[in-house]
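Visitor: Following this line is structure-v4.pdb, made up of PDB, C-alpha atoms:
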ATOM      1  CA  MET P   1      14.392 -12.444  40.358  1.00  0.00           C
ATOM      2  CA  PRO P   2      17.380 -11.980  38.048  1.00  0.00           C
ATOM      3  CA  ALA P   3      16.759 -10.571  34.604  1.00  0.00           C
ATOM      4  CA  MET P   4      16.590 -13.136  31.843  1.00  0.00           C
ATOM      5  CA  ALA P   5      16.815 -12.250  28.185  1.00  0.00           C
ATOM      6  CA  THR P   6      15.079 -13.973  25.342  1.00  0.00           C
ATOM      7  CA  THR P   7      14.285 -13.218  21.746  1.00  0.00           C
ATOM      8  CA  ILE P   8      10.746 -13.118  20.416  1.00  0.00           C
ATOM      9  CA  GLN P   9       9.519 -12.859  16.865  1.00  0.00           C
ATOM     10  CA  VAL P  10       6.984 -10.141  16.077  1.00  0.00           C
ATOM     11  CA  SER P  11       5.537  -8.888  12.835  1.00  0.00           C
ATOM     12  CA  ALA P  12       6.645  -5.595  11.315  1.00  0.00           C
ATOM     13  CA  ASP P  13       3.203  -4.171  12.094  1.00  0.00           C
ATOM     14  CA  LEU P  14       3.468  -5.089  15.786  1.00  0.00           C
ATOM     15  CA  LEU P  15       6.974  -3.651  15.999  1.00  0.00           C
ATOM     16  CA  LYS P  16       5.683  -0.418  14.485  1.00  0.00           C
ATOM     17  CA  GLU P  17       2.858  -0.311  17.064  1.00  0.00           C
ATOM     18  CA  LEU P  18       5.259  -0.972  19.953  1.00  0.00           C
ATOM     19  CA  LYS P  19       7.515   1.843  18.730  1.00  0.00           C
ATOM     20  CA  LYS P  20       4.518   4.221  18.675  1.00  0.00           C
ATOM     21  CA  ARG P  21       3.696   3.333  22.284  1.00  0.00           C
ATOM     22  CA  LYS P  22       7.129   4.263  23.640  1.00  0.00           C
ATOM     23  CA  LEU P  23       6.882   7.210  26.008  1.00  0.00           C
ATOM     24  CA  PHE P  24      10.475   8.180  25.282  1.00  0.00           C
ATOM     25  CA  GLU P  25      13.012   7.073  22.686  1.00  0.00           C
ATOM     26  CA  LYS P  26      15.173   4.901  24.956  1.00  0.00           C
ATOM     27  CA  GLU P  27      12.249   3.127  26.669  1.00  0.00           C
ATOM     28  CA  SER P  28      12.668  -0.630  26.376  1.00  0.00           C
ATOM     29  CA  TYR P  29      10.119  -2.811  24.637  1.00  0.00           C
ATOM     30  CA  GLU P  30       9.809  -4.728  27.914  1.00  0.00           C
ATOM     31  CA  ASP P  31       8.629  -1.532  29.629  1.00  0.00           C
ATOM     32  CA  VAL P  32       6.168  -0.875  26.800  1.00  0.00           C
ATOM     33  CA  ILE P  33       4.768  -4.411  27.064  1.00  0.00           C
ATOM     34  CA  TRP P  34       4.508  -4.231  30.874  1.00  0.00           C
ATOM     35  CA  GLY P  35       2.614  -0.956  30.488  1.00  0.00           C
ATOM     36  CA  ILE P  36       0.130  -2.624  28.165  1.00  0.00           C
ATOM     37  CA  ILE P  37      -0.284  -5.573  30.533  1.00  0.00           C
ATOM     38  CA  GLU P  38      -0.753  -3.240  33.505  1.00  0.00           C
ATOM     39  CA  ASP P  39      -3.563  -1.456  31.651  1.00  0.00           C
ATOM     40  CA  THR P  40      -5.505  -4.722  31.493  1.00  0.00           C
ATOM     41  CA  MET P  41      -4.942  -5.796  35.112  1.00  0.00           C
ATOM     42  CA  GLU P  42      -7.624  -5.602  37.781  1.00  0.00           C
ATOM     43  CA  LEU P  43      -7.509  -2.543  40.034  1.00  0.00           C
ATOM     44  CA  SER P  44      -6.577  -3.199  43.662  1.00  0.00           C
ATOM     45  CA  ASP P  45      -9.213  -2.795  46.362  1.00  0.00           C
ATOM     46  CA  GLU P  46      -7.325   0.232  47.681  1.00  0.00           C
ATOM     47  CA  THR P  47      -7.367   1.889  44.264  1.00  0.00           C
ATOM     48  CA  LYS P  48     -11.082   1.181  43.882  1.00  0.00           C
ATOM     49  CA  ARG P  49     -11.730   2.804  47.296  1.00  0.00           C
ATOM     50  CA  ASP P  50      -9.612   5.827  46.335  1.00  0.00           C
ATOM     51  CA  ILE P  51     -11.579   6.241  43.100  1.00  0.00           C
ATOM     52  CA  GLU P  52     -14.898   5.999  44.953  1.00  0.00           C
ATOM     53  CA  LYS P  53     -13.704   8.591  47.494  1.00  0.00           C
ATOM     54  CA  ALA P  54     -12.569  10.954  44.740  1.00  0.00           C
ATOM     55  CA  GLU P  55     -15.873  10.575  42.884  1.00  0.00           C
ATOM     56  CA  ALA P  56     -17.800  11.361  46.092  1.00  0.00           C
ATOM     57  CA  GLU P  57     -15.648  14.467  46.684  1.00  0.00           C
ATOM     58  CA  ILE P  58     -16.309  15.678  43.147  1.00  0.00           C
ATOM     59  CA  LYS P  59     -20.062  15.125  43.545  1.00  0.00           C
ATOM     60  CA  ALA P  60     -19.924  17.067  46.840  1.00  0.00           C
ATOM     61  CA  GLY P  61     -18.172  19.957  45.076  1.00  0.00           C
ATOM     62  CA  LYS P  62     -14.909  19.470  46.967  1.00  0.00           C
ATOM     63  CA  PHE P  63     -12.562  20.334  44.136  1.00  0.00           C
ATOM     64  CA  TYR P  64     -10.881  23.298  42.447  1.00  0.00           C
ATOM     65  CA  THR P  65     -11.068  24.044  38.754  1.00  0.00           C
ATOM     66  CA  HIS P  66      -7.908  24.583  36.746  1.00  0.00           C
ATOM     67  CA  GLU P  67      -8.725  28.287  36.520  1.00  0.00           C
ATOM     68  CA  GLU P  68      -9.221  28.537  40.312  1.00  0.00           C
ATOM     69  CA  VAL P  69      -5.838  26.929  40.957  1.00  0.00           C
ATOM     70  CA  LYS P  70      -4.104  29.233  38.464  1.00  0.00           C
ATOM     71  CA  LYS P  71      -5.732  32.270  40.085  1.00  0.00           C
ATOM     72  CA  LYS P  72      -4.811  31.096  43.605  1.00  0.00           C
ATOM     73  CA  LEU P  73      -1.192  30.574  42.514  1.00  0.00           C
ATOM     74  CA  GLY P  74      -1.041  33.934  40.752  1.00  0.00           C
ATOM     75  CA  PHE P  75      -0.871  32.745  37.154  1.00  0.00           C
TER      76      PHE P  75
END
Kindly return the structure encoded in the file as structure tokens.

Guide:
Amino acid sequence: MPAMATTIQVSADLLKELKKRKLFEKESYEDVIWGIIEDTMELSDETKRDIEKAEAEIKAGKFYTHEEVKKKLGF
């Protein structure tokens, strides 16, 4: 779908909040808004399964601590 531009009116407070949410200076407001929308979207079934699998692995003790990884890598 081709990009379409439009202008929207937002309050000064909202603009300030959007600026705070930028991950980097040149990030577009569209990217910031999509990020916010994505945060409220339902997780896919695959993602839910991956989370369940990861939680089960943690409960089973199948993980490394940060300190163990640093030691293994020689840091």

Visitor: Counting all atoms listed in the file, which residues come within 12 Å of (16.2, -3.5, 36.3), with the point read in the file's coordinates, and could you list them as an MDAnalysis selection string?

Guide: chainID P and resid 1:5 28 30:31

Visitor: Please produce an output containing C-alpha atoms for each residue in the selection, written as a PDB file, keeping the file's coordinate frame.

Guide:
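New file out-v7.pdb:
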ATOM      1  CA  MET P   1      14.392 -12.444  40.358  1.00  0.00           C
ATOM      2  CA  PRO P   2      17.380 -11.980  38.048  1.00  0.00           C
ATOM      3  CA  ALA P   3      16.759 -10.571  34.604  1.00  0.00           C
ATOM      4  CA  MET P   4      16.590 -13.136  31.843  1.00  0.00           C
ATOM      5  CA  ALA P   5      16.815 -12.250  28.185  1.00  0.00           C
ATOM      6  CA  SER P  28      12.668  -0.630  26.376  1.00  0.00           C
ATOM      7  CA  GLU P  30       9.809  -4.728  27.914  1.00  0.00           C
ATOM      8  CA  ASP P  31       8.629  -1.532  29.629  1.00  0.00           C
TER       9      ASP P  31
END

Visitor: Please report the interatomic distance between atom CA of Leu73 of chain P and atom CA of Ala56 of chain P in Å with one decimal.

Guide: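 Atom CA of Ala56 of chain P lies 25.6 Å from atom CA of Leu73 of chain P.
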
Visitor: What is the distance, in Å and to one decimal place, between atom CA of Ile51 of chain P and atom CA of Asp39 of chain P?

Guide: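 Atom-to-atom, atom CA of Ile51 of chain P and atom CA of Asp39 of chain P are spaced 16.0 Å apart.
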
Visitor: Provide the atom CA of Leu14 of chain P to atom CA of Met41 of chain P distance in Å, to one decimal place.

Guide: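 Answer for the atom CA of Leu14 of chain P to atom CA of Met41 of chain P separation: 21.1 Å.
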
Visitor: Please return as a ChimeraX atom specification every residue within 12 Å of (7.7, -4.4, 23.0), taking into account only C-alpha atoms and the file's own coordinates.

Guide: /P:7-22,27-37
